[in-house]
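Undergrad: Next up, upload-v5.cif (mmCIF, C-alpha atoms).
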```
data_data
loop_
_atom_site.label_atom_id
_atom_site.label_comp_id
_atom_site.auth_asym_id
_atom_site.auth_seq_id
_atom_site.Cartn_x
_atom_site.Cartn_y
_atom_site.Cartn_z
CA MET A 26 -6.49 18.25 -6.88
CA LEU A 27 -3.37 18.12 -8.99
CA GLU A 28 -4.35 16.83 -12.40
CA SER A 29 -0.85 16.02 -13.61
CA TYR A 30 1.90 14.39 -11.55
CA VAL A 31 4.43 11.56 -11.36
CA VAL A 32 3.91 8.64 -9.02
CA VAL A 33 7.22 7.09 -7.95
CA ASP A 34 8.28 4.07 -5.94
CA LEU A 35 11.78 2.81 -5.18
CA GLU A 36 13.14 -0.50 -3.98
CA MET A 37 16.34 -0.21 -1.93
CA THR A 38 18.95 -2.34 -0.20
CA GLY A 39 18.03 -0.79 3.15
CA LEU A 40 16.37 2.12 4.92
CA ARG A 41 19.17 4.70 5.10
CA ALA A 42 19.50 7.16 2.24
CA LYS A 43 23.04 8.05 3.29
CA THR A 44 24.45 4.53 3.08
CA ASP A 45 22.00 2.20 1.32
CA LYS A 46 21.49 1.80 -2.42
CA ILE A 47 18.57 2.13 -4.82
CA LEU A 48 17.76 -1.16 -6.54
CA GLU A 49 14.84 -0.21 -8.74
CA ILE A 50 12.93 2.89 -9.81
CA GLY A 51 9.35 2.66 -11.04
CA ALA A 52 7.14 5.58 -11.98
CA VAL A 53 4.03 6.51 -13.93
CA LYS A 54 3.25 9.90 -15.41
CA VAL A 55 -0.36 11.02 -14.99
CA GLU A 56 -1.71 13.88 -17.07
CA ASN A 57 -5.31 15.05 -16.71
CA HIS A 58 -5.93 12.03 -14.49
CA GLN A 59 -4.78 9.57 -17.18
CA VAL A 60 -1.57 7.52 -17.18
CA THR A 61 0.39 8.68 -20.21
CA ASP A 62 3.85 7.19 -19.66
CA SER A 63 5.86 4.91 -17.41
CA TYR A 64 9.47 4.54 -16.29
CA GLN A 65 11.26 1.51 -14.88
CA LYS A 66 14.94 0.85 -14.31
CA MET A 67 16.74 -1.91 -12.44
CA ILE A 68 20.02 -0.75 -10.95
CA ASN A 69 23.20 -2.72 -10.35
CA PRO A 70 24.17 -1.45 -6.86
CA GLY A 71 27.61 -3.06 -6.87
CA ILE A 72 26.88 -4.95 -3.64
CA LYS A 73 25.23 -8.19 -2.65
CA ILE A 74 21.52 -7.73 -1.95
CA PRO A 75 20.55 -8.56 1.66
CA GLU A 76 18.53 -11.76 1.97
CA ASP A 77 15.57 -10.04 3.61
CA VAL A 78 15.34 -7.59 0.70
CA GLN A 79 15.49 -10.46 -1.80
CA LYS A 80 12.65 -12.23 0.01
CA LEU A 81 10.52 -9.07 0.20
CA THR A 82 10.98 -7.86 -3.38
CA GLY A 83 11.97 -10.95 -5.33
CA ILE A 84 14.90 -8.97 -6.72
CA THR A 85 18.00 -11.19 -6.87
CA ASP A 86 21.70 -10.62 -7.39
CA GLU A 87 21.34 -12.22 -10.82
CA MET A 88 18.62 -9.75 -11.80
CA VAL A 89 20.58 -6.63 -10.83
CA ALA A 90 23.72 -7.93 -12.54
CA ALA A 91 22.11 -6.88 -15.80
CA GLY A 92 20.91 -3.57 -14.38
CA VAL A 93 21.99 -0.09 -15.40
CA SER A 94 24.14 2.32 -13.40
CA GLU A 95 22.67 4.45 -10.64
CA GLN A 96 23.52 7.53 -12.69
CA GLU A 97 21.60 6.35 -15.74
CA ALA A 98 18.56 5.33 -13.70
CA VAL A 99 18.28 8.31 -11.36
CA GLU A 100 19.14 11.04 -13.84
CA GLY A 101 16.84 9.39 -16.36
CA PHE A 102 14.08 9.62 -13.77
CA PHE A 103 14.84 13.30 -13.15
CA ASP A 104 14.33 13.90 -16.88
CA PHE A 105 11.17 11.77 -16.87
CA CYS A 106 9.40 13.72 -14.13
CA GLY A 107 10.51 17.17 -15.28
CA GLU A 108 8.66 19.90 -13.39
CA LEU A 109 5.73 17.73 -12.30
CA PRO A 110 5.05 17.16 -8.58
CA LEU A 111 5.66 13.74 -7.05
CA VAL A 112 3.20 11.33 -5.48
CA GLY A 113 4.16 8.36 -3.33
CA HIS A 114 3.15 6.23 -0.40
CA ASN A 115 5.41 7.68 2.30
CA ILE A 116 6.86 9.87 -0.42
CA LEU A 117 9.52 11.49 1.75
CA PHE A 118 11.24 8.12 2.19
CA ASP A 119 11.66 7.63 -1.56
CA TYR A 120 12.47 11.31 -2.04
CA SER A 121 15.30 11.09 0.51
CA PHE A 122 17.21 8.62 -1.69
CA LEU A 123 16.69 10.73 -4.80
CA LYS A 124 17.66 13.89 -2.96
CA GLN A 125 20.79 12.25 -1.54
CA TYR A 126 21.87 11.29 -5.04
CA ALA A 127 21.29 14.84 -6.26
CA VAL A 128 23.31 16.36 -3.42
CA ASN A 129 26.15 13.88 -3.89
CA HIS A 130 26.36 14.82 -7.57
CA LYS A 131 25.90 18.58 -7.11
CA MET A 132 22.49 18.54 -8.78
CA THR A 133 19.31 20.40 -7.87
CA PHE A 134 16.22 18.31 -7.16
CA GLU A 135 13.53 20.27 -5.33
CA LYS A 136 10.02 18.90 -5.46
CA ASN A 137 6.50 19.36 -4.15
CA GLY A 138 4.59 16.22 -3.43
CA VAL A 139 1.50 14.44 -2.16
CA ASP A 140 1.76 11.57 0.30
CA THR A 141 -0.92 8.89 -0.03
CA LEU A 142 0.13 7.46 3.33
CA LYS A 143 -0.80 10.73 5.07
CA LEU A 144 -4.05 10.89 3.11
CA SER A 145 -4.87 7.31 4.08
CA ARG A 146 -4.25 8.04 7.75
CA LYS A 147 -6.63 10.97 7.52
CA PHE A 148 -9.45 9.36 5.55
CA PHE A 149 -9.15 5.76 6.84
CA PRO A 150 -8.55 6.39 10.57
CA ASP A 151 -10.16 3.13 11.65
CA LEU A 152 -8.25 0.79 9.36
CA GLU A 153 -5.88 -1.55 11.16
CA LYS A 154 -3.00 -0.74 8.81
CA LYS A 155 -2.21 1.94 6.27
CA THR A 156 0.48 0.08 4.31
CA LEU A 157 0.17 -0.07 0.54
CA ASP A 158 -0.20 -3.86 0.75
CA TYR A 159 -3.11 -3.58 3.17
CA LEU A 160 -4.83 -0.77 1.27
CA CYS A 161 -4.55 -2.59 -2.06
CA GLU A 162 -6.26 -5.60 -0.52
CA TYR A 163 -8.87 -3.44 1.19
CA LEU A 164 -9.73 -1.49 -1.97
CA ASN A 165 -9.21 -4.37 -4.43
CA ILE A 166 -6.38 -2.62 -6.23
CA GLU A 167 -4.63 -5.20 -8.39
CA ARG A 168 -0.87 -5.65 -8.61
CA SER A 169 0.94 -8.36 -10.52
CA HIS A 170 3.82 -8.30 -8.03
CA ASN A 171 4.03 -6.69 -4.60
CA HIS A 172 7.13 -4.68 -3.71
CA ARG A 173 8.25 -4.12 -7.26
CA ALA A 174 8.70 -0.47 -8.06
CA LEU A 175 6.56 -0.01 -11.16
CA GLU A 176 3.65 -2.11 -9.87
CA ASP A 177 3.67 -0.25 -6.56
CA ALA A 178 3.77 3.10 -8.37
CA LYS A 179 0.79 2.14 -10.49
CA ALA A 180 -1.13 1.00 -7.40
CA THR A 181 -0.31 4.22 -5.56
CA GLY A 182 -1.69 6.22 -8.47
CA VAL A 183 -4.95 4.26 -8.35
CA LEU A 184 -5.10 4.84 -4.60
CA LEU A 185 -4.68 8.59 -5.01
CA GLU A 186 -7.43 8.81 -7.61
CA TYR A 187 -9.75 6.77 -5.36
CA LEU A 188 -9.09 9.07 -2.42
CA TRP A 189 -9.70 12.15 -4.56
CA GLU A 190 -12.96 10.82 -6.00
CA ASN A 191 -14.31 9.95 -2.55
CA TYR A 192 -12.91 12.75 -0.37
CA GLY A 193 -11.55 15.45 -2.65
CA GLN A 194 -14.70 17.51 -2.90
CA GLN A 195 -14.94 17.70 0.89
CA GLU A 196 -11.31 18.68 1.56
CA PRO A 197 -9.56 19.69 -1.67
CA GLU A 198 -6.75 21.49 0.16
CA THR A 199 -5.62 18.19 1.65
CA PHE A 200 -4.60 17.09 -1.83
CA ARG A 201 -2.50 20.15 -2.59
CA PRO A 202 1.22 19.32 -3.18
CA VAL A 203 3.53 20.60 -0.46
CA GLN A 204 7.28 21.11 -0.53
CA LEU A 205 9.25 17.96 0.21
CA VAL A 206 12.06 18.64 2.67
CA TYR A 207 14.98 16.30 3.25
CA ARG A 208 18.26 17.77 4.42
CA ALA A 209 20.95 15.73 2.74
CA LYS A 210 24.66 16.13 3.38
CA LYS A 211 27.04 15.41 0.52
CA GLN A 212 28.67 12.01 0.82
CA SER A 213 32.29 12.34 -0.29
CA PRO A 214 34.08 9.45 -2.06
CA ALA A 215 36.20 7.18 0.12
CA THR A 216 39.83 8.21 0.33
CA GLU A 217 42.56 6.08 -1.21
CA ARG A 218 43.77 5.28 2.32
CA GLN A 219 40.32 4.05 3.34
CA LYS A 220 39.98 1.86 0.27
CA ARG A 221 43.48 0.43 0.63
CA TYR A 222 42.99 -0.42 4.30
CA LEU A 223 39.61 -2.05 3.64
CA LYS A 224 41.10 -4.22 0.89
CA GLU A 225 44.06 -5.19 3.06
CA LEU A 226 41.78 -6.00 5.98
CA ALA A 227 39.59 -8.20 3.82
CA GLU A 228 42.61 -9.97 2.34
CA TYR A 229 44.14 -10.60 5.76
CA HIS A 230 40.93 -12.11 7.14
CA LYS A 231 40.26 -13.94 3.84
CA ILE A 232 36.93 -12.17 3.35
CA SER A 233 35.33 -11.84 -0.06
CA LEU A 234 34.06 -8.26 -0.31
CA ASP A 235 30.63 -8.16 -1.94
CA ILE A 236 30.96 -4.47 -2.77
CA ASP A 237 32.63 -2.23 -5.32
CA VAL A 238 35.26 -0.68 -3.06
CA GLU A 239 36.14 1.97 -5.65
CA GLY A 240 32.57 3.28 -5.59
CA LEU A 241 32.24 3.64 -1.81
CA THR A 242 31.69 6.91 0.01
CA LYS A 243 33.67 7.82 3.12
CA SER A 244 30.83 6.82 5.42
CA GLU A 245 30.21 3.55 3.58
CA ALA A 246 33.90 2.61 3.73
CA SER A 247 34.04 3.44 7.44
CA ARG A 248 30.91 1.43 8.18
CA ARG A 249 32.14 -1.63 6.27
CA THR A 250 35.58 -1.41 7.90
CA ASP A 251 34.02 -1.17 11.36
CA GLN A 252 31.87 -4.23 10.64
CA ILE A 253 34.93 -6.30 9.71
CA LEU A 254 36.90 -5.09 12.72
CA ALA A 255 34.02 -5.88 15.07
CA GLN A 256 33.62 -9.39 13.69
CA TYR A 257 37.19 -10.42 12.89
CA GLY A 258 39.50 -8.03 14.72
CA LYS A 259 42.44 -5.90 13.65
CA MET A 260 45.46 -6.86 11.60
CA PRO A 261 48.71 -7.21 13.56
CA ARG A 262 51.09 -4.29 13.31
CA ASN A 263 54.27 -4.77 11.33
#
```
Could I get this file's structure written as structure tokens?
TA:
Amino acid sequence: MLESYVVVDLEMTGLRAKTDKILEIGAVKVENHQVTDSYQKMINPGIKIPEDVQKLTGITDEMVAAGVSEQEAVEGFFDFCGELPLVGHNILFDYSFLKQYAVNHKMTFEKNGVDTLKLSRKFFPDLEKKTLDYLCEYLNIERSHNHRALEDAKATGVLLEYLWENYGQQEPETFRPVQLVYRAKKQSPATERQKRYLKELAEYHKISLDIDVEGLTKSEASRRTDQILAQYGKMPRN
């Protein structure tokens, strides 16, 4: 069993690391099985938060307006975790967003990790669900707020220690960190032509863009342009 590690949880605007944004990072550092430090940052993503995400997390546009930049939050987290392995519930999902940021900014972020979702599937095969919500209720793990990054990270750490105490002696190798693999492709910034056309399209159709156009990647700009074209149509040619 790893004795020292960082448990991390992210809240995002969606499910796609290539196009969606991180809203919040929460993490706890565990050393010799004791929580020694924590990390929490709210991020201003520069876009309007989808309603379903607001309902799930309770994170509002007003809350993120006072948030820090993605750079400050993510690179601060990289410093926080250092060389320690990561732990998370479906850890590869959270790792994919962190890895995508690293690739986009020409940084190295290679980690080993332990996935409490995989452990739960192995040791609780008969449970109806293996979500963190369900497991917290099943094991009486307390959280002050569901689907907030720091609270979920704390709960995941408690879950891991419970699993180790009850099953670790039988199958210690199951708890060994393994290399996390997510193949991210660098997302290049949107071209000036893309940004200009998107702004002109929005102005023509009298649409208020809820995004920071200057901060878009090529794929994000293309996706948003395609959405407007599909809903409102093209501009007439001069």
Undergrad: Which residue is closest to Met132 in chain A? Choose from A:His172, A:His58, A:Lys80, A:Lys211 and count only C-alpha atoms.
TA: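 Smallest separation from Met132 in chain A among the options: A:Lys211.
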Undergrad: Using all atoms listed in the file, can you tell me which of A:Glu49, A:Asp177, A:Glu108, A:Glu95 comes closest to Lys136 in chain A?
TA: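 Result for the nearest residue to Lys136 in chain A: A:Glu108.
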Undergrad: Between A:Ala180, A:Met67, A:Val53, A:Ile74, which residue has the minimum interatomic distance to Thr38 in chain A, considering all atoms listed in the file?
TA: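 Closest candidate: A:Ile74.
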Undergrad: On this structure, the PyMOL selection byres ((chain A and resi 235) around 10) would catch which residues? List them as a PDB file with C-alpha atoms, keeping the file's coordinate frame, sorted by chain and number.
TA:
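File produced: expr_9.pdb:
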```pdb
ATOM      1  CA  GLY A  71      27.610  -3.060  -6.870  1.00  0.00           C
ATOM      2  CA  ILE A  72      26.880  -4.950  -3.640  1.00  0.00           C
ATOM      3  CA  LYS A  73      25.230  -8.190  -2.650  1.00  0.00           C
ATOM      4  CA  ILE A  74      21.520  -7.730  -1.950  1.00  0.00           C
ATOM      5  CA  ILE A 232      36.930 -12.170   3.350  1.00  0.00           C
ATOM      6  CA  SER A 233      35.330 -11.840  -0.060  1.00  0.00           C
ATOM      7  CA  LEU A 234      34.060  -8.260  -0.310  1.00  0.00           C
ATOM      8  CA  ILE A 236      30.960  -4.470  -2.770  1.00  0.00           C
ATOM      9  CA  ASP A 237      32.630  -2.230  -5.320  1.00  0.00           C
ATOM     10  CA  VAL A 238      35.260  -0.680  -3.060  1.00  0.00           C
TER      11      VAL A 238
END
```
Undergrad: Name the residues in contact with Phe118 in chain A at a cut-off of 10 Å, using all atoms listed in the file, excluding same-chain residues fewer than 4 positions from it; report them as a PyMOL selection string.
TA: chain A and resi 34-35+40-42+113-114+122-123+207
Undergrad: Enumerate, as a ChimeraX atom specification, the residues matched when the PyMOL selection byres ((chain A and resi 175) around 10) is run on the file above.
TA: /A:32-36,49-53,63-66,168,170-174,176-181
Undergrad: For the atom pair CA of Gln125 in chain A and CA of Asp104 in chain A, what is the interatomic distance in Å to one decimal place?
TA: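 So the answer is 16.7 Å.
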Undergrad: Could you tell me, as a ChimeraX atom specification, exactly which residues end up selected when the PyMOL selection byres ((chain A and resi 219) around 10) is applied to this structure?
TA: /A:214-218,220-225,238,241-243,246-247,250
Undergrad: Using only C-alpha atoms, please write the residues we just selected to a file, as a compact mmCIF listing (two decimals), in the frame of the given file.
TA:
```
# COMPACT_ATOMS: atom_id res chain seq x y z
CA PRO A 214 34.08 9.45 -2.06
CA ALA A 215 36.20 7.18 0.12
CA THR A 216 39.83 8.21 0.33
CA GLU A 217 42.56 6.08 -1.21
CA ARG A 218 43.77 5.28 2.32
CA LYS A 220 39.98 1.86 0.27
CA ARG A 221 43.48 0.43 0.63
CA TYR A 222 42.99 -0.42 4.30
CA LEU A 223 39.61 -2.05 3.64
CA LYS A 224 41.10 -4.22 0.89
CA GLU A 225 44.06 -5.19 3.06
CA VAL A 238 35.26 -0.68 -3.06
CA LEU A 241 32.24 3.64 -1.81
CA THR A 242 31.69 6.91 0.01
CA LYS A 243 33.67 7.82 3.12
CA ALA A 246 33.90 2.61 3.73
CA SER A 247 34.04 3.44 7.44
CA THR A 250 35.58 -1.41 7.90
```
Undergrad: Could you check how far CA of Lys143 in chain A sits from CA of Gln79 in chain A, in Å to one decimal?
TA: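 Computing the Euclidean distance for CA of Lys143 in chain A and CA of Gln79 in chain A yields 27.6 Å.
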Undergrad: Between A:Glu135, A:Glu167, A:Glu186, A:Glu153, which has the minimum distance to Phe103 in chain A (counting only C-alpha atoms)?
TA: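 Selected residue with least distance to Phe103 in chain A: A:Glu135.
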Undergrad: I'd like the interatomic distance between CA of Val112 in chain A and CA of Val99 in chain A, to a tenth of an Å.
TA: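 Between CA of Val112 in chain A and CA of Val99 in chain A the gap works out to 16.5 Å.
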Undergrad: Please determine, counting all atoms listed in the file, which residue among A:Ala91, A:Leu144, A:Val203, A:Ala209 has the shortest atom-to-atom distance to Tyr187 in chain A.
TA: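 The shortest atom-to-atom distance to Tyr187 in chain A comes from A:Leu144.
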Undergrad: Would you kindly return, as a list of chain:residue names, each protein, DNA or RNA residue with an atom no farther than 9 Å from any atom of Val55 in chain A, considering all atoms listed in the file and excluding same-chain residues fewer than 6 positions away?
TA: A:Glu28, A:Ser29, A:Tyr30, A:Val31, A:Val32, A:Thr61, A:Asp62, A:Gly182
Undergrad: Taking 4 positions as the minimum chain separation for residues in the same chain, which residues sit within 10 Å of Pro197 in chain A when counting all atoms listed in the file? Answer as a list in words.
TA: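 Surrounding residues, per the criterion: Met26, Leu27, Trp189, Tyr192, Gly193 and Arg201 of chain A.
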Undergrad: Which residue is closest to Leu164 in chain A? Choose from A:Leu152, A:Leu48, A:Leu184, A:Val93 and count all atoms listed in the file.
TA: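 Looking only at the distances to Leu164 in chain A, the closest residue turns out to be A:Leu184.
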Undergrad: Please, could all heavy atoms be added to range 245-256 of chain A and the result written as a PDB file, in the coordinates of the input?
TA:
```pdb
ATOM      1  N   GLU A 245      30.398   4.961   3.911  1.00  0.00           N
ATOM      2  CA  GLU A 245      30.210   3.550   3.580  1.00  0.00           C
ATOM      3  C   GLU A 245      31.474   2.748   3.868  1.00  0.00           C
ATOM      4  O   GLU A 245      31.413   1.633   4.415  1.00  0.00           O
ATOM      5  CB  GLU A 245      29.810   3.396   2.110  1.00  0.00           C
ATOM      6  CG  GLU A 245      28.416   3.891   1.799  1.00  0.00           C
ATOM      7  CD  GLU A 245      28.144   3.952   0.311  1.00  0.00           C
ATOM      8  OE1 GLU A 245      29.119   4.002  -0.485  1.00  0.00           O
ATOM      9  OE2 GLU A 245      26.963   3.965  -0.073  1.00  0.00           O
ATOM     10  N   ALA A 246      32.628   3.292   3.489  1.00  0.00           N
ATOM     11  CA  ALA A 246      33.900   2.610   3.730  1.00  0.00           C
ATOM     12  C   ALA A 246      34.155   2.463   5.225  1.00  0.00           C
ATOM     13  O   ALA A 246      34.600   1.400   5.689  1.00  0.00           O
ATOM     14  CB  ALA A 246      35.035   3.379   3.068  1.00  0.00           C
ATOM     15  N   SER A 247      33.857   3.503   5.989  1.00  0.00           N
ATOM     16  CA  SER A 247      34.040   3.440   7.440  1.00  0.00           C
ATOM     17  C   SER A 247      33.124   2.404   8.067  1.00  0.00           C
ATOM     18  O   SER A 247      33.542   1.635   8.940  1.00  0.00           O
ATOM     19  CB  SER A 247      33.772   4.815   8.062  1.00  0.00           C
ATOM     20  OG  SER A 247      34.741   5.749   7.654  1.00  0.00           O
ATOM     21  N   ARG A 248      31.875   2.382   7.615  1.00  0.00           N
ATOM     22  CA  ARG A 248      30.910   1.430   8.180  1.00  0.00           C
ATOM     23  C   ARG A 248      31.324  -0.011   7.877  1.00  0.00           C
ATOM     24  O   ARG A 248      31.287  -0.878   8.754  1.00  0.00           O
ATOM     25  CB  ARG A 248      29.516   1.708   7.625  1.00  0.00           C
ATOM     26  CG  ARG A 248      28.424   0.798   8.201  1.00  0.00           C
ATOM     27  CD  ARG A 248      27.056   1.371   7.926  1.00  0.00           C
ATOM     28  NE  ARG A 248      26.759   1.433   6.511  1.00  0.00           N
ATOM     29  CZ  ARG A 248      26.106   0.477   5.836  1.00  0.00           C
ATOM     30  NH1 ARG A 248      25.693  -0.614   6.472  1.00  0.00           N
ATOM     31  NH2 ARG A 248      25.836   0.600   4.566  1.00  0.00           N
ATOM     32  N   ARG A 249      31.754  -0.267   6.631  1.00  0.00           N
ATOM     33  CA  ARG A 249      32.140  -1.630   6.270  1.00  0.00           C
ATOM     34  C   ARG A 249      33.419  -2.042   7.001  1.00  0.00           C
ATOM     35  O   ARG A 249      33.538  -3.188   7.464  1.00  0.00           O
ATOM     36  CB  ARG A 249      32.331  -1.724   4.753  1.00  0.00           C
ATOM     37  CG  ARG A 249      32.588  -3.145   4.252  1.00  0.00           C
ATOM     38  CD  ARG A 249      31.485  -4.114   4.722  1.00  0.00           C
ATOM     39  NE  ARG A 249      30.202  -3.753   4.200  1.00  0.00           N
ATOM     40  CZ  ARG A 249      29.658  -4.319   3.134  1.00  0.00           C
ATOM     41  NH1 ARG A 249      30.313  -5.262   2.492  1.00  0.00           N
ATOM     42  NH2 ARG A 249      28.462  -3.949   2.727  1.00  0.00           N
ATOM     43  N   THR A 250      34.354  -1.128   7.147  1.00  0.00           N
ATOM     44  CA  THR A 250      35.580  -1.410   7.900  1.00  0.00           C
ATOM     45  C   THR A 250      35.263  -1.730   9.350  1.00  0.00           C
ATOM     46  O   THR A 250      35.788  -2.699   9.922  1.00  0.00           O
ATOM     47  CB  THR A 250      36.547  -0.222   7.825  1.00  0.00           C
ATOM     48  OG1 THR A 250      36.904   0.010   6.452  1.00  0.00           O
ATOM     49  CG2 THR A 250      37.805  -0.488   8.629  1.00  0.00           C
ATOM     50  N   ASP A 251      34.403  -0.938   9.960  1.00  0.00           N
ATOM     51  CA  ASP A 251      34.020  -1.170  11.360  1.00  0.00           C
ATOM     52  C   ASP A 251      33.334  -2.527  11.544  1.00  0.00           C
ATOM     53  O   ASP A 251      33.538  -3.211  12.554  1.00  0.00           O
ATOM     54  CB  ASP A 251      33.096  -0.053  11.847  1.00  0.00           C
ATOM     55  CG  ASP A 251      33.820   1.273  12.024  1.00  0.00           C
ATOM     56  OD1 ASP A 251      35.061   1.262  12.076  1.00  0.00           O
ATOM     57  OD2 ASP A 251      33.139   2.314  12.105  1.00  0.00           O
ATOM     58  N   GLN A 252      32.548  -2.932  10.564  1.00  0.00           N
ATOM     59  CA  GLN A 252      31.870  -4.230  10.640  1.00  0.00           C
ATOM     60  C   GLN A 252      32.885  -5.374  10.646  1.00  0.00           C
ATOM     61  O   GLN A 252      32.759  -6.328  11.419  1.00  0.00           O
ATOM     62  CB  GLN A 252      30.910  -4.392   9.457  1.00  0.00           C
ATOM     63  CG  GLN A 252      29.675  -3.505   9.538  1.00  0.00           C
ATOM     64  CD  GLN A 252      28.829  -3.554   8.278  1.00  0.00           C
ATOM     65  OE1 GLN A 252      29.294  -3.990   7.212  1.00  0.00           O
ATOM     66  NE2 GLN A 252      27.593  -3.117   8.378  1.00  0.00           N
ATOM     67  N   ILE A 253      33.896  -5.257   9.774  1.00  0.00           N
ATOM     68  CA  ILE A 253      34.930  -6.300   9.710  1.00  0.00           C
ATOM     69  C   ILE A 253      35.742  -6.320  10.990  1.00  0.00           C
ATOM     70  O   ILE A 253      36.028  -7.391  11.553  1.00  0.00           O
ATOM     71  CB  ILE A 253      35.836  -6.082   8.485  1.00  0.00           C
ATOM     72  CG1 ILE A 253      35.021  -6.266   7.193  1.00  0.00           C
ATOM     73  CG2 ILE A 253      37.016  -7.058   8.516  1.00  0.00           C
ATOM     74  CD1 ILE A 253      35.810  -5.949   5.937  1.00  0.00           C
ATOM     75  N   LEU A 254      36.117  -5.156  11.491  1.00  0.00           N
ATOM     76  CA  LEU A 254      36.900  -5.090  12.720  1.00  0.00           C
ATOM     77  C   LEU A 254      36.133  -5.666  13.903  1.00  0.00           C
ATOM     78  O   LEU A 254      36.700  -6.377  14.744  1.00  0.00           O
ATOM     79  CB  LEU A 254      37.299  -3.638  13.012  1.00  0.00           C
ATOM     80  CG  LEU A 254      38.323  -3.014  12.062  1.00  0.00           C
ATOM     81  CD1 LEU A 254      38.482  -1.532  12.361  1.00  0.00           C
ATOM     82  CD2 LEU A 254      39.675  -3.730  12.181  1.00  0.00           C
ATOM     83  N   ALA A 255      34.832  -5.380  13.964  1.00  0.00           N
ATOM     84  CA  ALA A 255      34.020  -5.880  15.070  1.00  0.00           C
ATOM     85  C   ALA A 255      33.882  -7.392  15.032  1.00  0.00           C
ATOM     86  O   ALA A 255      33.842  -8.052  16.074  1.00  0.00           O
ATOM     87  CB  ALA A 255      32.647  -5.221  15.044  1.00  0.00           C
ATOM     88  N   GLN A 256      33.824  -7.953  13.818  1.00  0.00           N
ATOM     89  CA  GLN A 256      33.620  -9.390  13.690  1.00  0.00           C
ATOM     90  C   GLN A 256      34.909 -10.190  13.697  1.00  0.00           C
ATOM     91  O   GLN A 256      34.979 -11.289  14.272  1.00  0.00           O
ATOM     92  CB  GLN A 256      32.840  -9.690  12.400  1.00  0.00           C
ATOM     93  CG  GLN A 256      32.461 -11.162  12.240  1.00  0.00           C
ATOM     94  CD  GLN A 256      31.542 -11.392  11.068  1.00  0.00           C
ATOM     95  OE1 GLN A 256      31.127 -10.451  10.394  1.00  0.00           O
ATOM     96  NE2 GLN A 256      31.205 -12.651  10.811  1.00  0.00           N
TER      97      GLN A 256
END
```
